[in-house]
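To start, the structure under review is shown below, and the notes come after it.
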Protein chains: 4
Amino acid sequence: MSETINSILKEIHQEVLPFLGTGKVVDYIPILNEVDPNKFGMTLISNDRRIYSVGDAQELFSIQSVSKVLTLTLAMQLGEKKVWKRVGREPSGNRFNSLVQLEHENGKPRNPFINAGALVVTDMLISALDDPKAEILDFVRKVSCNSTLEYNLEIAQAEKEMGYTNAALVNFMKSFKNIENDVEEVLDTYFHHCSIMLNTEDLARSFMMLSNQGNMNFCDEQIISRRQSKRINSIMATSGFYDQAGEFAYRVGLPGKSGVSGAIAAVYPGNFSVAVWSPELNSNGNSVLGIEALDRLTTKLELSIY
Amino acid sequence: MSETINSILKEIHQEVLPFLGTGKVVDYIPILNEVDPNKFGMTLISNDRRIYSVGDAQELFSIQSVSKVLTLTLAMQLGEKKVWKRVGREPSGNRFNSLVQLEHENGKPRNPFINAGALVVTDMLISALDDPKAEILDFVRKVSCNSTLEYNLEIAQAEKEMGYTNAALVNFMKSFKNIENDVEEVLDTYFHHCSIMLNTEDLARSFMMLSNQGNMNFCDEQIISRRQSKRINSIMATSGFYDQAGEFAYRVGLPGKSGVSGAIAAVYPGNFSVAVWSPELNSNGNSVLGIEALDRLTTKLELSIY
Amino acid sequence: MSETINSILKEIHQEVLPFLGTGKVVDYIPILNEVDPNKFGMTLISNDRRIYSVGDAQELFSIQSVSKVLTLTLAMQLGEKKVWKRVGREPSGNRFNSLVQLEHENGKPRNPFINAGALVVTDMLISALDDPKAEILDFVRKVSCNSTLEYNLEIAQAEKEMGYTNAALVNFMKSFKNIENDVEEVLDTYFHHCSIMLNTEDLARSFMMLSNQGNMNFCDEQIISRRQSKRINSIMATSGFYDQAGEFAYRVGLPGKSGVSGAIAAVYPGNFSVAVWSPELNSNGNSVLGIEALDRLTTKLELSIY
Amino acid sequence: MSETINSILKEIHQEVLPFLGTGKVVDYIPILNEVDPNKFGMTLISNDRRIYSVGDAQELFSIQSVSKVLTLTLAMQLGEKKVWKRVGREPSGNRFNSLVQLEHENGKPRNPFINAGALVVTDMLISALDDPKAEILDFVRKVSCNSTLEYNLEIAQAEKEMGYTNAALVNFMKSFKNIENDVEEVLDTYFHHCSIMLNTEDLARSFMMLSNQGNMNFCDEQIISRRQSKRINSIMATSGFYDQAGEFAYRVGLPGKSGVSGAIAAVYPGNFSVAVWSPELNSNGNSVLGIEALDRLTTKLELSIY
């Protein structure tokens, strides 16, 4: 089996390289655009704790929106009931940063994976934690089994300086009383957790709790309940890929979440977690090679949840 | 195994009966409201062709929106490429009959399971078939292995007389040139296929092609390709339950589709199809007992795609 | 004074001719596109009943949306209270045929000059009149002092055949119970009154009741009250020109209403009514030469309500 | 004539007092809610410079949104062309602080009297002026002929602390690059000019430039051109009263602008300016007694622009 997976990952690597040059590295802030567009790394971790990697699996990138899954996990751990009072669990059908839906639904975001929803989750963490930025980082370190992870302060700062849409979202939700803390603190904390630097091995490890019924099996710690893990996976399945959730569901057939750095993490519940990173994005903001690679993975393994 | 499933269905039956009276039978047309609200029927068919039923599994009800899955299947069989030119595959994030999204996206519906999308699919069938109403009914008879199924002309007529929102949708899409045929014919054909009368055994049989990679295994006929079956299941998973798709994904964890008659059909790909019927609906228009029953089914079987 | 106005109209005629060729004749139905694009006619009628005309003031054209003012007048005459229960009086801020606003405001159109509003007014007339089409035509004949006016059945028929957006609007409002009569009859009646053929003299005469406090001073008949005349003029001022109401208010400074045939009628309350016709339209659907002519008229007369 | 106006104002005062208690003082910030709800002041200034006042015409109140007219005037004086590149001139059809329209029209507000538009105008003033807050106050002092006017720093500060919707608007427009300056500075300047304290005499004086073709006739200074004055009046006529512009046009028939402090200023071009203040607001955010008083004024004087 190990051999099979290793050779499948190698095949995938060869097959996706021709797609280099067909996407576009994110450019709304210069520092994110400086990355080498030719990178591709991929790591699969099976529930029996075997790690399979290919390509640039040791290279660091910023986690970006994939962090929304981890902050949601932490918020659910701290008290799930509160979460669903302030954020919905349904697909949004709108761009990731739309204000229209918020206006029509009184400031309650459709789900925790659109920006508005992730900002509300961040606000909850600030209310619940003594030292939010330190504790969020600690949590990501714990679930990724890597105590060396750090915020990239330069990226966090650059995002904040250009983060007018997110500032609009937080202010707008605050006008509906769905933000408790100071606007600046919410934005600062949010941009910090989006800036965490890691590689595909770290990312795949951090998603093992979702492939393994809430249990981070490297250290056998139950992070969240089985039920909560199922909840998060179901939201990733319907809402993890902006305007391309349906397409990802079909092509890949796994619950997952993408970020503008070109990162994607996904899980095959009961079997494995997988992370892939390649900076070039398609017009929906998802990694071109990432989606190609995951499509091939589930095709070659002949698995799909559908 | 057979014994297990039989006893699980019996348990479920007992457990969901207390929910009678907590929902509301649909009342926008009188004939649909005349049904006995206390009905509950459920049928599971495993991929090895065993049929397990409980309750009112022999009672007929109108298929309503569950027919959208069958007409989509037929349209994909006739030529899938055309389908996705005129209908999207992403969650809508809006009520099932919203015109707003259509206005902002030039008359192209978000997916084939909102009314607008199903009406476009119906229009395609009219263009492709010689005798649309007869051939659609023949197709449903074939995939349900029941040649006695009939349209309920009284229901079809009553729906048509009150179908102003659907008439608005067809006319609006026609103004964007996304309807080819006569408005009246599209509506007439649509309301006909929603009026097909069947029981939960028929319905579960008709979904076997989706639990079995496109193959209707009772007669071993490949209705659609494995890829197409996966496509339909993935759209059901993100868009099969109006504004409750995310909730159904979490609670039940299976791709499925509901109708206002209180019918729900779902599949566990590679394993079984299941149909349930109970007329009382929750505020999202989905069967109260139907969702309770399916939630219990996947909990008791300890299965979920998430 | 008469001489002054005559020479001003002649000047205007010369000054606007160079604008020929800068707009586009309406083309959504062929018969409306067959008109000679080089036509320009203009008639001003002072409250002392003097008629001043220039250009093609004897040529017939279809009244189109300018009829919305006349059907509103008739509906207010028959019972104003009912009107405002079912139609608003505020600017819409949307395209003339938007369904979005209707969806968010439960099927009540913003004002009687967007299509949805005019369709509701037409529905009221059908409910109130014994022979709606005959009586609407009679009313327009009366207020224009021209008993020879006729519907153009060819135009009415062609509009109806292509009128999918309006059919969508009527059906949609019917789903909100804001249409009482049969959908087809509402559309048929609406397209009939839009098809009335008249010239600029007829049109200017028909607007005298609005320049003269409700009194059609040619025959000294009080059609509506002074208060009602003021009401209609104020709605024309805020909502008479689709997305260009603000621009018309500024450039011309008179309450008025335009139609896609290139007709515009306007009033200077207490002084005169004016009608202009030239088929080429700007991108907002208003007559290019018509607006240029009225802009020059109020500039040369040094009058504006602002 | 003077006697007539004086007695008319007295009559009006008596007639509107019974409406006290039917509206609601604004309460989104405590300091604005502290005002005595029973106040009513009114001043009319004819173009021959006669001042007619009644009631609490010497009491100070904050100018609030009426300041939008004055900042627009200043911006047009500094360079009109730039203004219309960044702000529209059409009615919005939405609530005064809607973000939906902005999202669909790429961050360009519909007109300068909705909050978004006024914030863009404020941004222009910051770019154009050396000491924006000082120079804006100087301008208001000049056009009101009252060099003692001051900002109410307590109100400005309180507004800013609660100004989340406006902060959302500025950030959102900045994401579309329609704000040039620092978000905080735009908000600070905006809330300052809304906090200017004046009485109805000051306010009526400051609107004389709009009743008198751009000329502030107390000191015979041409503030803006006649054309610009007409432009501002036409925008007030279509967009000066939030969701009640059509109603005000009909009942009062004058271009005007209201504010949440209960202030309304209006003009009868060529004849007079008028200001009225009474804190209780109707559900549209306009002064109850203010609208009643202006309705009576134009009825008694038998004048309307319609």
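For the structure tokens, the naming scheme is as follows: chains receive sequential letters (A, B, ...) according to their order of presentation, residues are indexed from 1 within each chain, and ligands are indexed from 1 in presentation order.
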
**Prompt:** If you count only C-alpha atoms, which residues fall within 12 Å of Ile8 of chain D, apart from same-chain ones fewer than 6 positions away, as a PyMOL selection string?
**Reply:** chain D and resi 1-2+14-15+42-44+52-54+293-294+296-302

**Message:** For the helix (DSSP H, G or I) assignment from backbone DSSP, which residues of segment 37-232 of chain D qualify? Please present them as a PyMOL selection string.
**Reply:** chain D and resi 64-86+100-104+115-128+132-143+153-162+164-175+183-194+200-206+208-211+226-232

**Request:** Kindly give the distance, in Å, that separates atom CA of Val100 of chain B and atom CA of Asn106 of chain D, rounded to a single decimal.
**Result:**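 Computing the Euclidean distance for atom CA of Val100 of chain B and atom CA of Asn106 of chain D yields 18.2 Å.
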
**Asked** How many Å separate atom CA of Val267 of chain B from atom CA of Ala204 of chain B?
**Response**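 Atom CA of Ala204 of chain B lies 8.7 Å from atom CA of Val267 of chain B.
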
**Message:** Can you measure atom CA of Thr200 of chain D to atom CA of Ala57 of chain D for me? One decimal in Å is fine.
**Reply:**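 Computed distance, atom CA of Thr200 of chain D to atom CA of Ala57 of chain D, equals 5.2 Å.
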
**Request:** Determine which residues of chain B sit within 9 Å of chain C, taking into account only C-alpha atoms, and present them as JSON, numbers by chain.
**Result:** {"B": [98, 99, 100, 101, 103, 162, 163, 164, 165, 166, 167, 168, 169, 170, 171, 172, 173, 174, 175, 176]}

**Message:** Which residue is closest to Leu20 of chain A? Choose from A:Ile305, A:Phe40, A:Ile223, A:Ala118 and count only C-alpha atoms.
**Reply:**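 That would be A:Phe40, the residue with the smallest distance to Leu20 of chain A.
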
**Fill in**
Among D:Asn217, D:Ser278, D:Ser239, D:Ser261, Asp48 of chain D is approached most closely, using only C-alpha atoms, by D:Asn217

**Request:** Would you return as a ChimeraX atom specification the members of segment 139-233 of chain A that DSSP assigns to strand (DSSP E or B) on this structure's backbone?
**Result:** /A:150,197-198,215-216,221-222

Keeping C-alpha atoms, export the residues of the selection given above as a CSV table (one decimal), in the first residue's frame.
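Everything below was put into part-v5.csv:
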```
chain,number,residue,atom,x,y,z
A,150,GLU,CA,5.3,31.2,13.5
A,197,MET,CA,3.8,29.7,7.8
A,198,LEU,CA,3.8,26.0,7.3
A,215,ASN,CA,-8.7,12.6,17.3
A,216,MET,CA,-5.3,13.9,16.4
A,221,GLU,CA,-5.5,13.6,21.7
A,222,GLN,CA,-9.2,14.0,21.1
```

What's the 12 Å shell around Lys160 of chain D, counting only C-alpha atoms, without same-chain residues fewer than 6 positions away, as a PDB file with N, CA and C atoms, in the first residue's frame?
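Result saved to result_11.pdb:
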```
ATOM      1  N   ASN A 171     -16.853  46.018  10.372  1.00  0.00           N
ATOM      2  CA  ASN A 171     -17.630  47.188  10.777  1.00  0.00           C
ATOM      3  C   ASN A 171     -19.120  46.967  10.527  1.00  0.00           C
TER       4      ASN A 171
ATOM      5  N   TYR D  28     -29.753  56.349  18.375  1.00  0.00           N
ATOM      6  CA  TYR D  28     -28.619  55.439  18.191  1.00  0.00           C
ATOM      7  C   TYR D  28     -27.382  55.896  18.957  1.00  0.00           C
ATOM      8  N   ILE D  29     -27.333  57.192  19.298  1.00  0.00           N
ATOM      9  CA  ILE D  29     -26.323  57.617  20.278  1.00  0.00           C
ATOM     10  C   ILE D  29     -27.010  58.465  21.334  1.00  0.00           C
ATOM     11  N   LEU D 153     -17.894  68.799  19.447  1.00  0.00           N
ATOM     12  CA  LEU D 153     -16.909  67.712  19.479  1.00  0.00           C
ATOM     13  C   LEU D 153     -17.430  66.475  20.199  1.00  0.00           C
ATOM     14  N   GLU D 154     -18.317  66.706  21.159  1.00  0.00           N
ATOM     15  CA  GLU D 154     -18.885  65.585  21.902  1.00  0.00           C
ATOM     16  C   GLU D 154     -19.759  64.724  20.981  1.00  0.00           C
ATOM     17  N   ASN D 166     -20.981  53.501   8.743  1.00  0.00           N
ATOM     18  CA  ASN D 166     -20.203  54.421   7.920  1.00  0.00           C
ATOM     19  C   ASN D 166     -18.768  53.925   7.749  1.00  0.00           C
ATOM     20  N   ALA D 167     -18.196  53.332   8.791  1.00  0.00           N
ATOM     21  CA  ALA D 167     -16.848  52.761   8.662  1.00  0.00           C
ATOM     22  C   ALA D 167     -16.853  51.633   7.640  1.00  0.00           C
ATOM     23  N   VAL D 183      -8.909  56.069   6.061  1.00  0.00           N
ATOM     24  CA  VAL D 183     -10.286  55.788   6.481  1.00  0.00           C
ATOM     25  C   VAL D 183     -10.681  56.595   7.717  1.00  0.00           C
ATOM     26  N   GLU D 184      -9.805  56.601   8.709  1.00  0.00           N
ATOM     27  CA  GLU D 184     -10.129  57.302   9.960  1.00  0.00           C
ATOM     28  C   GLU D 184     -10.327  58.793   9.738  1.00  0.00           C
ATOM     29  N   GLU D 185      -9.485  59.358   8.861  1.00  0.00           N
ATOM     30  CA  GLU D 185      -9.591  60.802   8.621  1.00  0.00           C
ATOM     31  C   GLU D 185     -10.900  61.138   7.904  1.00  0.00           C
ATOM     32  N   VAL D 186     -11.291  60.287   6.971  1.00  0.00           N
ATOM     33  CA  VAL D 186     -12.550  60.534   6.263  1.00  0.00           C
ATOM     34  C   VAL D 186     -13.713  60.513   7.251  1.00  0.00           C
ATOM     35  N   LEU D 187     -13.722  59.477   8.116  1.00  0.00           N
ATOM     36  CA  LEU D 187     -14.809  59.364   9.092  1.00  0.00           C
ATOM     37  C   LEU D 187     -14.799  60.536  10.067  1.00  0.00           C
ATOM     38  N   ASP D 188     -13.607  60.893  10.532  1.00  0.00           N
ATOM     39  CA  ASP D 188     -13.486  61.978  11.498  1.00  0.00           C
ATOM     40  C   ASP D 188     -14.009  63.288  10.903  1.00  0.00           C
ATOM     41  N   THR D 189     -13.612  63.565   9.674  1.00  0.00           N
ATOM     42  CA  THR D 189     -14.034  64.805   9.021  1.00  0.00           C
ATOM     43  C   THR D 189     -15.544  64.793   8.787  1.00  0.00           C
ATOM     44  N   TYR D 190     -16.038  63.627   8.342  1.00  0.00           N
ATOM     45  CA  TYR D 190     -17.476  63.495   8.085  1.00  0.00           C
ATOM     46  C   TYR D 190     -18.290  63.742   9.354  1.00  0.00           C
ATOM     47  N   PHE D 191     -17.901  63.081  10.437  1.00  0.00           N
ATOM     48  CA  PHE D 191     -18.678  63.237  11.665  1.00  0.00           C
ATOM     49  C   PHE D 191     -18.539  64.653  12.224  1.00  0.00           C
ATOM     50  N   HIS D 192     -17.402  65.287  11.964  1.00  0.00           N
ATOM     51  CA  HIS D 192     -17.287  66.682  12.381  1.00  0.00           C
ATOM     52  C   HIS D 192     -18.311  67.553  11.659  1.00  0.00           C
ATOM     53  N   HIS D 193     -18.372  67.427  10.314  1.00  0.00           N
ATOM     54  CA  HIS D 193     -19.278  68.377   9.647  1.00  0.00           C
ATOM     55  C   HIS D 193     -20.742  68.070   9.929  1.00  0.00           C
ATOM     56  N   CYS D 194     -21.052  66.827  10.310  1.00  0.00           N
ATOM     57  CA  CYS D 194     -22.434  66.521  10.724  1.00  0.00           C
ATOM     58  C   CYS D 194     -22.763  67.121  12.087  1.00  0.00           C
ATOM     59  N   SER D 195     -21.734  67.500  12.838  1.00  0.00           N
ATOM     60  CA  SER D 195     -21.950  67.943  14.231  1.00  0.00           C
ATOM     61  C   SER D 195     -22.070  69.460  14.377  1.00  0.00           C
TER      62      SER D 195
END
```

**Prompt:** Could you name the residues that touch Ala75 of chain D at 12 Å or less, counting only C-alpha atoms, but leaving out those on the same chain fewer than 4 positions away, as a PyMOL selection string?
**Reply:** chain D and resi 68-71+79-84+86-87+112+118-129+132+135-136+139+223-224+228+232

Quick one: residues within 10 Å of Leu281 of chain C, only C-alpha atoms counted, chain neighbours fewer than 2 positions away excluded, as a compact mmCIF listing (two decimals) with N, CA and C atoms, in the first residue's frame?
```
# COMPACT_ATOMS: atom_id res chain seq x y z
N GLY C 21 -28.19 60.26 -35.64
CA GLY C 21 -27.12 59.28 -35.87
C GLY C 21 -26.34 58.94 -34.61
N THR C 22 -26.58 59.66 -33.53
CA THR C 22 -25.81 59.38 -32.31
C THR C 22 -26.54 58.41 -31.38
N GLY C 23 -27.81 58.11 -31.67
CA GLY C 23 -28.54 57.15 -30.84
C GLY C 23 -28.90 55.91 -31.65
N LYS C 24 -29.79 55.13 -31.12
CA LYS C 24 -30.12 53.84 -31.73
C LYS C 24 -31.62 53.59 -31.58
N VAL C 25 -32.27 53.30 -32.74
CA VAL C 25 -33.70 53.01 -32.68
C VAL C 25 -33.89 51.66 -31.97
N VAL C 26 -34.92 51.59 -31.18
CA VAL C 26 -35.21 50.38 -30.41
C VAL C 26 -35.33 49.19 -31.36
N PRO C 37 -35.40 56.74 -38.70
CA PRO C 37 -34.68 57.27 -37.53
C PRO C 37 -34.50 58.79 -37.58
N GLY C 259 -40.81 57.28 -23.57
CA GLY C 259 -41.15 55.94 -24.05
C GLY C 259 -40.13 55.48 -25.08
N VAL C 260 -40.06 54.15 -25.29
CA VAL C 260 -39.02 53.62 -26.19
C VAL C 260 -39.25 53.92 -27.66
N SER C 261 -40.43 54.46 -28.00
CA SER C 261 -40.62 54.89 -29.38
C SER C 261 -39.88 56.20 -29.64
N GLY C 262 -39.34 56.80 -28.60
CA GLY C 262 -38.64 58.07 -28.74
C GLY C 262 -39.53 59.25 -28.38
N ALA C 263 -40.67 58.96 -27.77
CA ALA C 263 -41.59 60.01 -27.33
C ALA C 263 -41.22 60.50 -25.94
N SER C 278 -38.61 61.67 -31.39
CA SER C 278 -37.50 61.37 -32.30
C SER C 278 -37.01 59.98 -31.91
N PRO C 279 -36.94 59.06 -32.89
CA PRO C 279 -36.81 57.63 -32.53
C PRO C 279 -35.47 57.19 -31.95
N SER C 283 -28.42 55.32 -24.26
CA SER C 283 -28.27 54.02 -23.60
C SER C 283 -29.24 53.82 -22.44
N ASN C 284 -29.89 54.92 -21.99
CA ASN C 284 -30.90 54.77 -20.95
C ASN C 284 -32.30 54.56 -21.52
N GLY C 285 -32.41 54.51 -22.85
CA GLY C 285 -33.72 54.27 -23.45
C GLY C 285 -34.55 55.53 -23.64
N ASN C 286 -33.90 56.70 -23.54
CA ASN C 286 -34.60 57.96 -23.73
C ASN C 286 -34.18 58.61 -25.05
N SER C 287 -35.10 59.32 -25.70
CA SER C 287 -34.84 59.93 -27.00
C SER C 287 -33.68 60.94 -26.93
N VAL C 288 -32.67 60.73 -27.76
CA VAL C 288 -31.52 61.64 -27.76
C VAL C 288 -31.94 63.06 -28.13
N LEU C 289 -32.60 63.19 -29.29
CA LEU C 289 -33.00 64.54 -29.73
C LEU C 289 -34.09 65.11 -28.83
N GLY C 290 -34.90 64.24 -28.28
CA GLY C 290 -35.95 64.69 -27.38
C GLY C 290 -35.38 65.40 -26.16
N ILE C 291 -34.38 64.78 -25.55
CA ILE C 291 -33.78 65.40 -24.36
C ILE C 291 -33.01 66.66 -24.73
```
